[in-house]
$ cat data.cif   # mmCIF, C-alpha atoms
data_coords
#
loop_
_atom_site.label_atom_id
_atom_site.label_comp_id
_atom_site.auth_asym_id
_atom_site.auth_seq_id
_atom_site.Cartn_x
_atom_site.Cartn_y
_atom_site.Cartn_z
CA MET A 28 0.00 0.00 0.00
CA LYS A 29 1.30 3.43 -0.93
CA LEU A 30 1.62 5.77 2.07
CA PRO A 31 0.60 9.46 1.96
CA ASN A 32 3.34 12.02 1.46
CA PRO A 33 5.39 12.96 4.57
CA SER A 34 3.57 16.23 5.27
CA ILE A 35 0.21 14.47 5.39
CA GLN A 36 1.71 11.71 7.58
CA ASN A 37 2.86 14.39 10.03
CA ILE A 38 -0.58 15.96 10.15
CA ILE A 39 -2.25 12.60 10.77
CA ALA A 40 0.29 11.68 13.44
CA THR A 41 -0.19 15.01 15.22
CA ALA A 42 -3.97 14.65 15.17
CA LEU A 43 -3.83 11.07 16.49
CA SER A 44 -1.44 12.09 19.26
CA ALA A 45 -3.75 14.90 20.33
CA LEU A 46 -6.74 12.56 20.32
CA ILE A 47 -4.93 9.89 22.38
CA LEU A 48 -3.69 12.52 24.83
CA SER A 49 -7.21 13.95 25.22
CA VAL A 50 -8.73 10.50 25.83
CA GLY A 51 -6.00 9.66 28.29
CA MET A 52 -6.52 12.87 30.23
CA LEU A 53 -10.26 12.29 30.43
CA SER A 54 -9.85 8.69 31.54
CA MET A 55 -7.35 9.71 34.23
CA SER A 56 -9.57 12.53 35.52
CA PRO A 57 -13.30 11.82 35.93
CA ALA A 58 -13.76 15.35 37.28
CA LEU A 59 -12.21 16.81 34.13
CA SER A 60 -14.40 14.56 31.99
CA ALA A 61 -17.55 15.74 33.76
CA GLN A 62 -16.45 19.34 33.46
CA ALA A 63 -15.81 18.96 29.75
CA VAL A 64 -19.34 17.76 29.00
CA SER A 65 -21.23 20.01 31.42
CA VAL A 66 -23.36 22.70 29.83
CA THR A 67 -24.56 25.88 31.53
CA PRO A 68 -28.40 25.82 31.51
CA TRP A 69 -29.11 28.99 29.55
CA VAL A 70 -32.74 29.68 28.67
CA ALA A 71 -34.24 32.20 26.26
CA THR A 72 -36.29 34.65 28.35
CA TRP A 73 -37.10 37.46 25.86
CA GLN A 74 -37.04 38.00 22.11
CA ALA A 75 -37.75 40.52 19.37
CA SER A 76 -37.71 38.62 16.08
CA PRO A 77 -35.50 40.30 13.45
CA GLN A 78 -37.05 41.79 10.31
CA PRO A 79 -35.51 43.44 7.25
CA VAL A 80 -35.97 47.22 7.29
CA TRP A 81 -38.22 48.37 4.46
CA GLY A 82 -37.93 51.45 2.30
CA PRO A 83 -39.81 54.77 2.44
CA ASP A 84 -42.33 53.64 -0.19
CA PHE A 85 -43.84 50.97 2.09
CA LEU A 86 -47.36 51.40 3.49
CA PHE A 87 -46.07 52.04 7.03
CA PRO A 88 -43.07 54.13 8.13
CA ALA A 89 -40.12 52.16 9.48
CA ASN A 90 -39.75 54.53 12.46
CA VAL A 91 -35.95 54.18 12.50
CA PRO A 92 -33.19 56.28 10.91
CA ALA A 93 -31.57 54.99 7.73
CA GLU A 94 -28.25 54.78 9.56
CA LEU A 95 -26.73 55.15 13.00
CA PHE A 96 -23.44 56.99 13.49
CA ASN A 97 -21.76 57.90 16.78
CA GLN A 98 -25.06 57.24 18.57
CA THR A 99 -26.36 55.24 21.52
CA VAL A 100 -29.57 53.21 21.34
CA ARG A 101 -31.20 52.52 24.72
CA GLN A 102 -33.99 49.94 24.90
CA VAL A 103 -36.12 48.39 27.63
CA ALA A 104 -37.20 44.74 27.73
CA ARG A 105 -39.08 42.73 30.34
CA VAL A 106 -37.70 39.24 30.90
CA SER A 107 -40.00 36.34 31.73
CA LEU A 108 -37.63 34.18 33.79
CA GLY A 109 -34.76 35.53 35.86
CA GLY A 110 -31.40 34.22 36.97
CA PRO A 111 -28.03 35.22 38.45
CA ARG A 112 -26.46 35.95 35.04
CA LEU A 113 -27.69 37.01 31.63
CA ARG A 114 -26.57 37.29 28.02
CA ILE A 115 -27.83 39.56 25.26
CA VAL A 116 -28.20 38.62 21.60
CA LEU A 117 -27.63 41.16 18.84
CA SER A 118 -28.71 40.63 15.24
CA ASN A 119 -27.34 41.63 11.84
CA THR A 120 -29.55 39.03 10.13
CA TYR A 121 -30.49 41.19 7.16
CA GLY A 122 -27.40 43.40 7.10
CA ARG A 123 -25.30 43.57 3.97
CA GLN A 124 -22.09 44.69 5.66
CA PRO A 125 -20.30 44.09 9.00
CA LEU A 126 -21.79 45.94 11.97
CA VAL A 127 -19.46 47.31 14.66
CA VAL A 128 -20.69 47.56 18.25
CA GLY A 129 -18.45 49.99 20.10
CA LYS A 130 -19.81 49.39 23.59
CA ALA A 131 -22.77 47.78 25.32
CA THR A 132 -24.20 47.91 28.84
CA VAL A 133 -27.12 46.46 30.75
CA ALA A 134 -28.79 47.98 33.81
CA ARG A 135 -31.99 48.20 35.81
CA PRO A 136 -34.40 51.02 34.93
CA GLN A 137 -34.84 53.96 37.27
CA GLU A 138 -38.53 54.13 38.16
CA GLY A 139 -40.20 57.42 37.36
CA ASP A 140 -37.52 58.64 34.95
CA GLU A 141 -37.96 57.46 31.36
CA GLY A 142 -34.73 56.29 29.80
CA ALA A 143 -32.78 56.51 33.07
CA VAL A 144 -31.10 53.60 34.84
CA VAL A 145 -30.01 52.86 38.40
CA ALA A 146 -26.38 54.02 38.37
CA ASP A 147 -24.89 51.22 40.48
CA SER A 148 -26.64 48.55 38.41
CA VAL A 149 -24.81 49.39 35.16
CA ARG A 150 -22.74 46.45 33.88
CA MET A 151 -20.42 46.45 30.89
CA VAL A 152 -21.16 43.77 28.32
CA THR A 153 -18.30 42.00 26.56
CA PHE A 154 -18.08 39.73 23.54
CA GLY A 155 -15.29 37.18 23.72
CA GLY A 156 -13.73 39.29 26.44
CA HIS A 157 -13.75 42.50 24.40
CA ALA A 158 -15.94 45.58 24.75
CA THR A 159 -16.02 46.08 20.96
CA ALA A 160 -17.36 43.48 18.55
CA THR A 161 -18.16 43.08 14.87
CA ILE A 162 -21.25 41.22 13.64
CA PRO A 163 -20.82 39.82 10.11
CA PRO A 164 -23.64 40.21 7.57
CA GLY A 165 -26.42 37.70 8.16
CA ALA A 166 -25.13 36.77 11.62
CA SER A 167 -26.09 37.23 15.24
CA LEU A 168 -23.86 37.76 18.26
CA VAL A 169 -24.25 36.34 21.77
CA SER A 170 -22.52 38.25 24.56
CA ASP A 171 -20.42 36.88 27.37
CA PRO A 172 -22.33 36.19 30.62
CA VAL A 173 -23.07 39.31 32.65
CA ALA A 174 -23.32 39.09 36.44
CA LEU A 175 -26.55 41.00 36.95
CA SER A 176 -29.19 39.05 38.85
CA MET A 177 -32.68 39.33 37.37
CA ALA A 178 -35.97 38.43 39.01
CA VAL A 179 -38.85 37.00 36.98
CA LEU A 180 -40.88 39.62 35.08
CA GLU A 181 -38.25 42.29 35.72
CA GLN A 182 -37.28 44.98 33.21
CA LEU A 183 -33.77 45.29 31.79
CA VAL A 184 -32.27 48.30 30.01
CA VAL A 185 -29.82 47.58 27.19
CA SER A 186 -27.67 50.40 25.77
CA LEU A 187 -25.66 49.99 22.56
CA TYR A 188 -23.12 52.43 21.12
CA LEU A 189 -22.53 52.48 17.35
CA PRO A 190 -19.30 54.40 16.65
CA GLN A 191 -19.19 53.94 12.88
CA ARG A 192 -21.64 54.72 10.08
CA THR A 193 -24.05 51.82 10.38
CA PRO A 194 -26.85 51.39 7.83
CA LEU A 195 -29.83 50.07 9.80
CA GLN A 196 -30.97 47.01 7.84
CA THR A 197 -32.22 44.70 10.62
CA PHE A 198 -34.82 45.76 13.16
CA HIS A 199 -38.08 44.78 14.89
CA TRP A 200 -40.78 47.20 13.85
CA ASP A 201 -43.43 47.07 16.58
CA GLY A 202 -41.62 46.92 19.91
CA ARG A 203 -44.56 48.35 21.91
CA GLN A 204 -41.87 49.94 24.09
CA THR A 205 -40.26 53.37 23.97
CA ALA A 206 -36.59 53.43 22.97
CA TRP A 207 -34.16 56.33 22.68
CA ILE A 208 -31.46 57.17 20.15
CA VAL A 209 -29.06 59.82 21.46
CA PRO A 210 -25.73 61.27 20.23
CA GLY A 211 -22.38 59.98 21.42
CA ASP A 212 -21.52 57.18 23.81
CA GLN A 213 -24.11 57.35 26.58
CA THR A 214 -24.11 53.64 27.38
CA ALA A 215 -22.86 54.14 30.95
CA VAL A 216 -24.73 57.32 31.93
CA ALA A 217 -27.60 57.04 34.39
CA ALA A 218 -29.79 59.70 32.74
CA LEU A 219 -29.73 60.19 28.97
CA LYS A 220 -29.25 63.66 27.52
CA LYS A 221 -32.61 63.51 25.79
CA GLN A 222 -32.97 67.26 25.38
CA ASP A 223 -30.29 67.30 22.69
CA SER A 224 -31.71 68.33 19.33
CA GLU A 225 -30.35 65.12 17.82
CA ALA A 226 -32.15 62.84 20.29
CA GLN A 227 -34.84 60.59 18.80
CA VAL A 228 -37.62 58.43 20.21
CA THR A 229 -38.91 55.26 18.55
CA THR A 230 -41.02 52.22 19.37
CA ALA A 231 -39.02 50.02 17.00
CA ARG A 232 -36.10 47.89 18.17
CA ALA A 233 -32.60 48.08 16.69
CA LEU A 234 -30.02 45.26 16.88
CA LEU A 235 -31.29 43.77 20.15
CA SER A 236 -33.02 40.49 19.34
CA GLY A 237 -32.78 38.35 22.47
CA ILE A 238 -31.99 37.95 26.16
CA GLN A 239 -30.98 34.68 27.79
CA VAL A 240 -30.68 33.90 31.50
CA GLU A 241 -28.89 31.28 33.52
CA ALA A 242 -32.10 29.90 34.97
CA GLY A 243 -31.24 26.40 36.16
CA GLU A 244 -31.67 22.90 34.78
CA ALA A 245 -35.40 22.72 35.59
CA ALA A 246 -36.26 25.84 33.57
CA GLY A 247 -37.67 25.76 30.07
CA ALA A 248 -39.24 28.04 27.47
CA VAL A 249 -42.30 28.30 25.27
CA VAL A 250 -42.03 30.26 22.01
CA VAL A 251 -45.13 31.89 20.54
CA MET A 252 -44.76 32.26 16.78
CA GLY A 253 -47.29 34.69 15.38
CA ASP A 254 -48.17 37.93 13.64
CA SER A 255 -49.28 41.36 14.88
CA ILE A 256 -51.75 39.87 17.37
CA THR A 257 -48.84 38.11 19.09
CA ASP A 258 -46.48 41.04 18.52
CA GLY A 259 -48.87 43.14 20.61
CA ALA A 260 -50.33 45.60 18.10
CA GLU A 261 -52.81 47.89 19.91
CA ALA A 262 -51.65 46.75 23.37
CA SER A 263 -50.91 49.69 25.68
CA LEU A 264 -47.47 51.14 25.02
CA ASP A 265 -44.78 50.51 27.66
CA GLN A 266 -47.12 48.36 29.77
CA ASP A 267 -46.11 44.79 28.78
CA HIS A 268 -49.72 43.94 27.96
CA ARG A 269 -49.21 41.61 24.99
CA TRP A 270 -50.96 38.28 25.38
CA THR A 271 -47.55 36.63 25.71
CA ASP A 272 -46.77 38.96 28.65
CA PHE A 273 -49.87 37.79 30.49
CA LEU A 274 -48.99 34.18 29.66
CA ALA A 275 -45.47 34.76 30.99
CA ALA A 276 -46.92 35.87 34.33
CA ARG A 277 -48.89 32.60 34.52
CA LEU A 278 -45.91 30.43 33.64
CA ALA A 279 -43.16 32.18 35.62
CA PRO A 280 -44.01 30.39 38.91
CA ARG A 281 -43.53 27.10 37.07
CA GLY A 282 -40.03 27.95 35.86
CA VAL A 283 -41.10 28.41 32.23
CA ALA A 284 -40.18 31.41 30.08
CA VAL A 285 -42.40 32.78 27.31
CA VAL A 286 -40.55 34.04 24.22
CA ASN A 287 -42.47 36.26 21.81
CA ALA A 288 -41.67 35.45 18.17
CA GLY A 289 -44.46 37.59 16.78
CA ILE A 290 -43.89 39.91 13.82
CA SER A 291 -46.55 42.38 12.70
CA GLY A 292 -47.56 41.47 9.17
CA ALA A 293 -46.02 38.00 9.41
CA ARG A 294 -47.31 35.21 7.20
CA LEU A 295 -47.06 31.45 7.19
CA LEU A 296 -46.29 30.87 3.51
CA SER A 297 -45.10 34.20 2.09
CA ASP A 298 -42.83 37.03 3.09
CA GLY A 299 -44.65 40.02 4.52
CA MET A 300 -43.29 42.56 6.97
CA GLY A 301 -40.85 39.79 7.82
CA VAL A 302 -39.81 36.61 6.06
CA ASN A 303 -42.17 33.62 5.93
CA ALA A 304 -42.54 31.34 8.92
CA LEU A 305 -40.40 28.49 7.61
CA ALA A 306 -37.58 30.89 6.70
CA ARG A 307 -37.39 32.22 10.27
CA LEU A 308 -38.29 29.04 12.15
CA ASN A 309 -34.71 28.00 12.84
CA ASN A 310 -33.51 31.30 14.32
CA ASP A 311 -36.73 32.31 16.04
CA VAL A 312 -37.67 28.94 17.51
CA LEU A 313 -35.53 25.86 16.96
CA THR A 314 -32.19 27.28 18.12
CA GLN A 315 -33.54 29.20 21.11
CA PRO A 316 -32.02 27.63 24.27
CA GLY A 317 -34.38 25.74 26.55
CA VAL A 318 -37.36 25.64 24.17
CA GLU A 319 -39.76 22.79 24.91
CA SER A 320 -42.92 23.93 23.10
CA VAL A 321 -43.96 26.36 20.37
CA ILE A 322 -47.42 27.86 19.89
CA VAL A 323 -48.21 28.65 16.24
CA MET A 324 -50.74 31.40 15.56
CA LEU A 325 -50.21 32.30 11.91
CA GLY A 326 -52.33 32.42 8.78
CA ILE A 327 -54.69 35.39 8.99
CA ASN A 328 -52.38 37.59 6.90
CA ASP A 329 -51.93 34.81 4.32
CA ILE A 330 -55.72 34.78 3.98
CA SER A 331 -56.39 38.53 4.10
CA TRP A 332 -53.44 40.31 2.46
CA PRO A 333 -54.28 39.25 -1.13
CA GLY A 334 -56.41 41.93 -2.77
CA THR A 335 -55.40 44.68 -0.33
CA ALA A 336 -52.85 47.46 -0.68
CA PHE A 337 -50.27 45.02 0.70
CA ALA A 338 -50.66 42.51 -2.15
CA ARG A 339 -53.15 43.79 -4.69
CA GLU A 340 -52.49 41.15 -7.36
CA ALA A 341 -51.67 38.18 -5.13
CA GLN A 342 -53.76 35.04 -5.08
CA ARG A 343 -55.28 33.79 -1.84
CA PRO A 344 -53.71 30.50 -0.71
CA THR A 345 -55.76 27.32 -0.68
CA LEU A 346 -56.63 25.37 2.45
CA GLU A 347 -54.31 22.61 1.21
CA ALA A 348 -51.38 25.02 0.88
CA LEU A 349 -51.93 26.40 4.38
CA THR A 350 -52.23 23.00 6.01
CA ALA A 351 -49.08 21.86 4.20
CA GLY A 352 -47.27 24.82 5.74
CA TYR A 353 -48.51 23.92 9.21
CA ARG A 354 -47.47 20.30 8.75
CA GLN A 355 -43.97 21.38 7.77
CA LEU A 356 -43.64 23.55 10.90
CA ILE A 357 -44.82 20.59 12.97
CA ALA A 358 -42.38 18.19 11.32
CA GLN A 359 -39.41 20.49 11.86
CA GLY A 360 -40.39 21.16 15.46
CA HIS A 361 -40.77 17.46 16.18
CA SER A 362 -37.36 16.79 14.63
CA ARG A 363 -35.88 18.84 17.50
CA GLY A 364 -38.08 17.26 20.16
CA ILE A 365 -40.28 20.37 20.45
CA ARG A 366 -44.03 20.14 21.02
CA VAL A 367 -46.01 22.14 18.44
CA ILE A 368 -49.33 23.58 19.55
CA GLY A 369 -51.83 25.14 17.15
CA ALA A 370 -53.85 28.25 17.98
CA THR A 371 -57.04 28.98 16.05
CA LEU A 372 -57.34 32.24 14.09
CA THR A 373 -59.47 34.88 15.78
CA PRO A 374 -62.48 36.72 14.22
CA PHE A 375 -61.91 39.83 12.10
CA GLU A 376 -65.17 40.96 10.46
CA GLY A 377 -65.07 44.71 9.84
CA ALA A 378 -61.31 44.85 10.40
CA LEU A 379 -59.30 48.08 10.03
CA PRO A 380 -62.14 50.48 9.10
CA GLY A 381 -61.16 53.90 7.80
CA THR A 382 -57.65 52.78 6.86
CA PRO A 383 -55.98 51.89 3.54
CA LEU A 384 -56.60 48.27 4.58
CA ALA A 385 -60.37 48.54 5.02
CA ASP A 386 -60.73 45.69 2.50
CA TYR A 387 -58.73 43.35 4.76
CA TYR A 388 -61.97 41.47 5.56
CA HIS A 389 -64.22 39.69 3.07
CA PRO A 390 -66.79 36.93 3.69
CA ASP A 391 -64.82 34.58 1.41
CA LYS A 392 -61.69 35.19 3.46
CA ASP A 393 -63.61 34.46 6.64
CA ALA A 394 -64.89 31.22 5.15
CA LEU A 395 -61.29 30.12 4.60
CA ARG A 396 -60.37 31.17 8.16
CA ARG A 397 -63.16 28.95 9.50
CA GLN A 398 -61.94 26.05 7.36
CA VAL A 399 -58.42 26.51 8.69
CA ASN A 400 -59.73 26.58 12.26
CA ASP A 401 -61.70 23.41 11.68
CA TRP A 402 -58.53 21.70 10.44
CA ILE A 403 -56.48 22.96 13.40
CA ARG A 404 -59.12 21.67 15.85
CA HIS A 405 -59.80 18.28 14.30
CA SER A 406 -56.87 17.14 12.13
CA GLY A 407 -54.82 15.81 15.03
CA ALA A 408 -51.69 17.24 13.40
CA PHE A 409 -50.77 19.45 16.36
CA ASP A 410 -49.74 18.10 19.74
CA ALA A 411 -52.45 20.28 21.32
CA VAL A 412 -54.82 23.08 20.33
CA ILE A 413 -55.59 26.44 21.97
CA ASP A 414 -58.99 27.60 20.69
CA LEU A 415 -58.53 31.36 20.82
CA ASP A 416 -61.30 31.87 18.28
CA ALA A 417 -63.82 30.30 20.65
CA HIS A 418 -62.68 32.50 23.53
CA LEU A 419 -62.59 35.86 21.71
CA ARG A 420 -65.56 35.71 19.33
CA ASN A 421 -68.91 37.38 19.95
CA PRO A 422 -71.34 34.55 20.84
CA GLN A 423 -74.16 36.29 18.94
CA HIS A 424 -71.96 37.21 15.95
CA PRO A 425 -69.09 34.68 15.71
CA ALA A 426 -67.42 36.42 12.75
CA ARG A 427 -66.65 39.41 15.02
CA ILE A 428 -64.38 39.75 18.00
CA ASP A 429 -66.34 40.34 21.22
CA SER A 430 -66.53 44.03 22.10
CA ARG A 431 -65.06 43.30 25.55
CA TYR A 432 -61.83 42.19 23.90
CA ASP A 433 -61.73 44.42 20.79
CA SER A 434 -59.05 47.13 20.65
CA GLY A 435 -61.40 49.07 18.38
CA ASP A 436 -60.00 48.02 15.01
CA HIS A 437 -61.98 44.73 14.98
CA LEU A 438 -58.81 42.73 14.32
CA HIS A 439 -56.42 43.13 17.24
CA PRO A 440 -57.40 42.43 20.84
CA GLY A 441 -56.96 45.23 23.36
CA ASP A 442 -55.37 44.73 26.76
CA GLU A 443 -58.36 42.78 28.13
CA GLY A 444 -58.47 40.67 24.99
CA ASN A 445 -54.80 39.85 25.41
CA ARG A 446 -55.43 38.86 29.02
CA ALA A 447 -58.33 36.65 27.93
CA MET A 448 -56.11 34.94 25.35
CA ALA A 449 -53.49 34.11 27.98
CA ASP A 450 -56.16 32.90 30.39
CA ALA A 451 -57.51 30.60 27.66
CA VAL A 452 -54.30 28.55 27.66
CA ASP A 453 -54.58 25.28 29.55
CA LEU A 454 -51.15 25.01 31.14
CA GLU A 455 -51.57 21.27 31.67
CA VAL A 456 -51.96 20.87 27.89
CA LEU A 457 -49.17 23.30 27.13
CA LEU A 458 -46.66 21.56 29.41
CA PRO A 459 -47.88 18.03 30.14
CA GLY A 460 -46.02 16.48 33.02
CA GLY A 461 -44.25 19.74 33.78
CA ALA A 462 -47.02 22.03 34.93
CA GLU A 463 -46.87 21.32 38.65
CA LEU A 464 -45.96 24.44 40.59
CA ASP A 465 -42.23 24.46 41.20
CA THR A 466 -42.15 25.88 44.72
CA GLU A 467 -38.35 25.76 44.88
CA PHE A 468 -38.08 27.88 41.73
CA THR A 469 -40.66 30.35 43.08
CA ARG A 470 -38.89 30.64 46.41
CA ASN A 471 -35.48 31.20 44.84
CA GLU A 472 -36.43 33.54 42.02
CA GLY A 473 -39.46 35.41 43.32
CA VAL A 474 -42.51 36.36 41.30
CA LYS A 475 -43.41 39.97 40.56
CA GLY A 476 -47.06 40.89 40.11
#
$ encode --input "data.cif" --output "structure tokens"
Amino acid sequence: MKLPNPSIQNIIATALSALILSVGMLSMSPALSAQAVSVTPWVATWQASPQPVWGPDFLFPANVPAELFNQTVRQVARVSLGGPRLRIVLSNTYGRQPLVVGKATVARPQEGDEGAVVADSVRMVTFGGHATATIPPGASLVSDPVALSMAVLEQLVVSLYLPQRTPLQTFHWDGRQTAWIVPGDQTAVAALKKQDSEAQVTTARALLSGIQVEAGEAAGAVVVMGDSITDGAEASLDQDHRWTDFLAARLAPRGVAVVNAGISGARLLSDGMGVNALARLNNDVLTQPGVESVIVMLGINDISWPGTAFAREAQRPTLEALTAGYRQLIAQGHSRGIRVIGATLTPFEGALPGTPLADYYHPDKDALRRQVNDWIRHSGAFDAVIDLDAHLRNPQHPARIDSRYDSGDHLHPGDEGNRAMADAVDLEVLLPGGAELDTEFTRNEGVKG
């Protein structure tokens, strides 16, 4: 047999030596072996799903500047689970060039002073041990662990400094939370200089796409993948009144986080104000740490966008196409050991009156919605079903959302509607075998109202 050339032999010999040495070290040291395979139990506790920023000709304004340069972005997010340490996740998913983060901090908010933080709670965030980091195009960046203990349902303030000219190409449009963009590096200041003429306020989110906590081995997470109803459209601003927020309050005592993967305008089969569900499933759901279940509430925009100003010439999808999309989400979730739970589509007769989307509703569209709901309820494809349609509809007029829950636009629930949606979730179905109250978790972490 002819042997490889000497250089290849040397490479093989070196690799084999390293492998033998590693095995020998592990066999001689059980403690080292255990340490090598141990994994810190990080759990996703908050998310803002990334979207590509659209241009000025779109139906809605983007509410963010075209670029950031020598500016600080300060954002507030409420975690669901807490823990002794946290990590932040930054996204350049739709960027077309590297994005440089000059500095980042986390802190607790100062009550009664918008945009201010508690001075002694400010912690520097590093990335691979460095304060500055570069995010390649299409990538995300997870920070090093930060020693800032968080309680369940507690707010966190994240400040990011962008020193270079940074075209803003990745964002989350409807944050339902006030954020500030101010000149210079203000990441470490307690009170922002908001009076500066260059200061800006937005309810969109820039760069920040996730928060993870070191929550313990017993903790887990549920992701809710949806559209504007899940994203919180029409929920009270700065109040954490999305339906996922109310669900998080129910699940926190059980050691389970709720991660909101809603995008306003999202669709199951087609790109909308974000990419289609299958295109974002991996990043928004499957790779989130600690995820055990995903609730899918998507399809109303697939049904209703065609024929409107959003998609004037588009064809409405068939029931078969929609159910094929659901089945693919289920199959991919199951391949990762994740339970997939279907949520029925809520009523929308008379939706969005007096707007450019007043033709969002049509009786034929509602007929397809009811067919989809019937399939979700009775096909057996999902691991469980949450019948939100049954809970929110007007008993005397089932095509309409009940006035108690209507935000006023006849499509999106208001705060009480969001609370009703969360209350409709049977936790025993959502987390079978894991829904017993974890008193040790509650005692150690605390539950805020």
$ resolve_selection --input "data.cif" --expression "the PyMOL selection byres ((chain A and resi 417) around 12)" --output "ChimeraX atom specification"
/A:370-374,397,400-401,404,412-416,418-422,424-429,447-448,451-452
$ residues_near_point --input "data.cif" --point "(-48.7, 44.0, 6.8)" --cutoff "9 Å" --atoms "all atoms listed in the file" --output "list of chain:residue names"
A:Leu86, A:Phe87, A:Ser255, A:Ser291, A:Gly292, A:Ala293, A:Arg294, A:Gly299, A:Met300, A:Gly301, A:Asn328, A:Trp332, A:Phe337
$ write_last_selection --input "data.cif" --atoms "C-alpha atoms" --output "short mmCIF file (atom, residue, chain, number, x, y, z; two decimals), keeping the file's coordinate frame"
data_model
loop_
_atom_site.label_atom_id
_atom_site.label_comp_id
_atom_site.auth_asym_id
_atom_site.auth_seq_id
_atom_site.Cartn_x
_atom_site.Cartn_y
_atom_site.Cartn_z
CA LEU A 86 -47.36 51.40 3.49
CA PHE A 87 -46.07 52.04 7.03
CA SER A 255 -49.28 41.36 14.88
CA SER A 291 -46.55 42.38 12.70
CA GLY A 292 -47.56 41.47 9.17
CA ALA A 293 -46.02 38.00 9.41
CA ARG A 294 -47.31 35.21 7.20
CA GLY A 299 -44.65 40.02 4.52
CA MET A 300 -43.29 42.56 6.97
CA GLY A 301 -40.85 39.79 7.82
CA ASN A 328 -52.38 37.59 6.90
CA TRP A 332 -53.44 40.31 2.46
CA PHE A 337 -50.27 45.02 0.70
#
$ residues_around --input "data.cif" --residues "region 248-254 of chain A" --least-positions-apart "6" --cutoff "7 Å" --atoms "all atoms listed in the file" --output "list in words"
Val70, Ala71, Val283, Ala284, Val285, Val286, Asn287, Ala288, Gly289, Ile290, Ser291, Gly292, Ala293, Val312, Gly317, Val318, Glu319, Ser320, Val321, Ile322, Val323, Met324 and Leu325 of chain A
$ atom_distance --input "data.cif" --atom1 "CA of Glu181 (chain A)" --atom2 "CA of Ala104 (chain A)"
8.4 Å
$ atom_distance --input "data.cif" --atom1 "CA of Arg366 (chain A)" --atom2 "CA of Leu458 (chain A)"
8.9 Å
$ atom_distance --input "data.cif" --atom1 "CA of Gln98 (chain A)" --atom2 "CA of Gly129 (chain A)"
9.9 Å
$ residues_around --input "data.cif" --residues "Ala449 (chain A)" --least-positions-apart "3" --cutoff "8 Å" --atoms "all atoms listed in the file" --output "tab-separated table (two decimals) with C-alpha atoms, in the frame of the given file"
chain	number	residue	atom	x	y	z
A	270	TRP	CA	-50.96	38.28	25.38
A	271	THR	CA	-47.55	36.63	25.71
A	273	PHE	CA	-49.87	37.79	30.49
A	274	LEU	CA	-48.99	34.18	29.66
A	445	ASN	CA	-54.80	39.85	25.41
A	446	ARG	CA	-55.43	38.86	29.02
A	452	VAL	CA	-54.30	28.55	27.66
$ resolve_selection --input "data.cif" --expression "the PyMOL selection byres ((chain A and resi 164) around 8)" --output "PDB file with C-alpha atoms, in the frame of the given file"
ATOM      1  CA  ASN A 119     -27.340  41.630  11.840  1.00  0.00           C
ATOM      2  CA  THR A 120     -29.550  39.030  10.130  1.00  0.00           C
ATOM      3  CA  TYR A 121     -30.490  41.190   7.160  1.00  0.00           C
ATOM      4  CA  GLY A 122     -27.400  43.400   7.100  1.00  0.00           C
ATOM      5  CA  ARG A 123     -25.300  43.570   3.970  1.00  0.00           C
ATOM      6  CA  GLN A 124     -22.090  44.690   5.660  1.00  0.00           C
ATOM      7  CA  PRO A 125     -20.300  44.090   9.000  1.00  0.00           C
ATOM      8  CA  LEU A 126     -21.790  45.940  11.970  1.00  0.00           C
ATOM      9  CA  ILE A 162     -21.250  41.220  13.640  1.00  0.00           C
ATOM     10  CA  PRO A 163     -20.820  39.820  10.110  1.00  0.00           C
ATOM     11  CA  GLY A 165     -26.420  37.700   8.160  1.00  0.00           C
ATOM     12  CA  ALA A 166     -25.130  36.770  11.620  1.00  0.00           C
TER      13      ALA A 166
END
$ closest_residue --input "data.cif" --among "A:Ser331, A:Ser297, A:Asn97, A:Thr132" --to "Ala348 (chain A)" --atoms "only C-alpha atoms"
A:Ser297
$ resolve_selection --input "data.cif" --expression "the PyMOL selection byres ((chain A and resi 225) around 9)" --output "VMD selection string"
chain A and resid 208 to 210 221 to 224 226 to 227
$ closest_residue --input "data.cif" --among "A:Ala246, A:Val100, A:Ile238, A:Ala378" --to "Ala215 (chain A)" --atoms "only C-alpha atoms"
A:Val100
$ residues_around --input "data.cif" --residues "Ser186 (chain A)" --least-positions-apart "5" --cutoff "9 Å" --atoms "all atoms listed in the file" --output "VMD selection string"
chain A and resid 99 to 103 130 to 134 213 to 215
$ residues_around --input "data.cif" --residues "Thr159 (chain A)" --least-positions-apart "2" --cutoff "10 Å" --atoms "all atoms listed in the file" --output "list in words"
Val127, Val128, Gly129, Lys130, Ala131, Val152, Thr153, Phe154, Gly155, Gly156, His157, Thr161, Tyr188, Leu189 and Pro190 of chain A
$ residues_around --input "data.cif" --residues "region 355-359 of chain A" --least-positions-apart "3" --cutoff "8 Å" --atoms "all atoms listed in the file" --output "list in words"
Leu305, Leu308, Ala351, Gly352, Ser362, Arg363, Val367, Ala408 and Phe409 of chain A
$ closest_residue --input "data.cif" --among "A:Asp453, A:Ala262, A:Arg150, A:Ser76" --to "Asn309 (chain A)" --atoms "all atoms listed in the file"
A:Ser76
$ closest_residue --input "data.cif" --among "A:Val456, A:Leu278, A:Ala93, A:Leu313" --to "Gly364 (chain A)" --atoms "only C-alpha atoms"
A:Leu313
$ closest_atom_pairs --input "data.cif" --of "region 190-245 of chain A" --to "region 80-83 of chain A" --cutoff "7 Å" --atoms "only C-alpha atoms" --output "CSV"
residue,atom,partner,partner_atom,distance
A:Gln196,CA,A:Val80,CA,5.0
A:Thr197,CA,A:Val80,CA,5.6
A:Phe198,CA,A:Val80,CA,6.2
$ write_last_selection --input "data.cif" --atoms "C-alpha atoms" --output "compact mmCIF listing (two decimals), keeping the file's coordinate frame"
# COMPACT_ATOMS: atom_id res chain seq x y z
CA GLN A 196 -30.97 47.01 7.84
CA THR A 197 -32.22 44.70 10.62
CA PHE A 198 -34.82 45.76 13.16
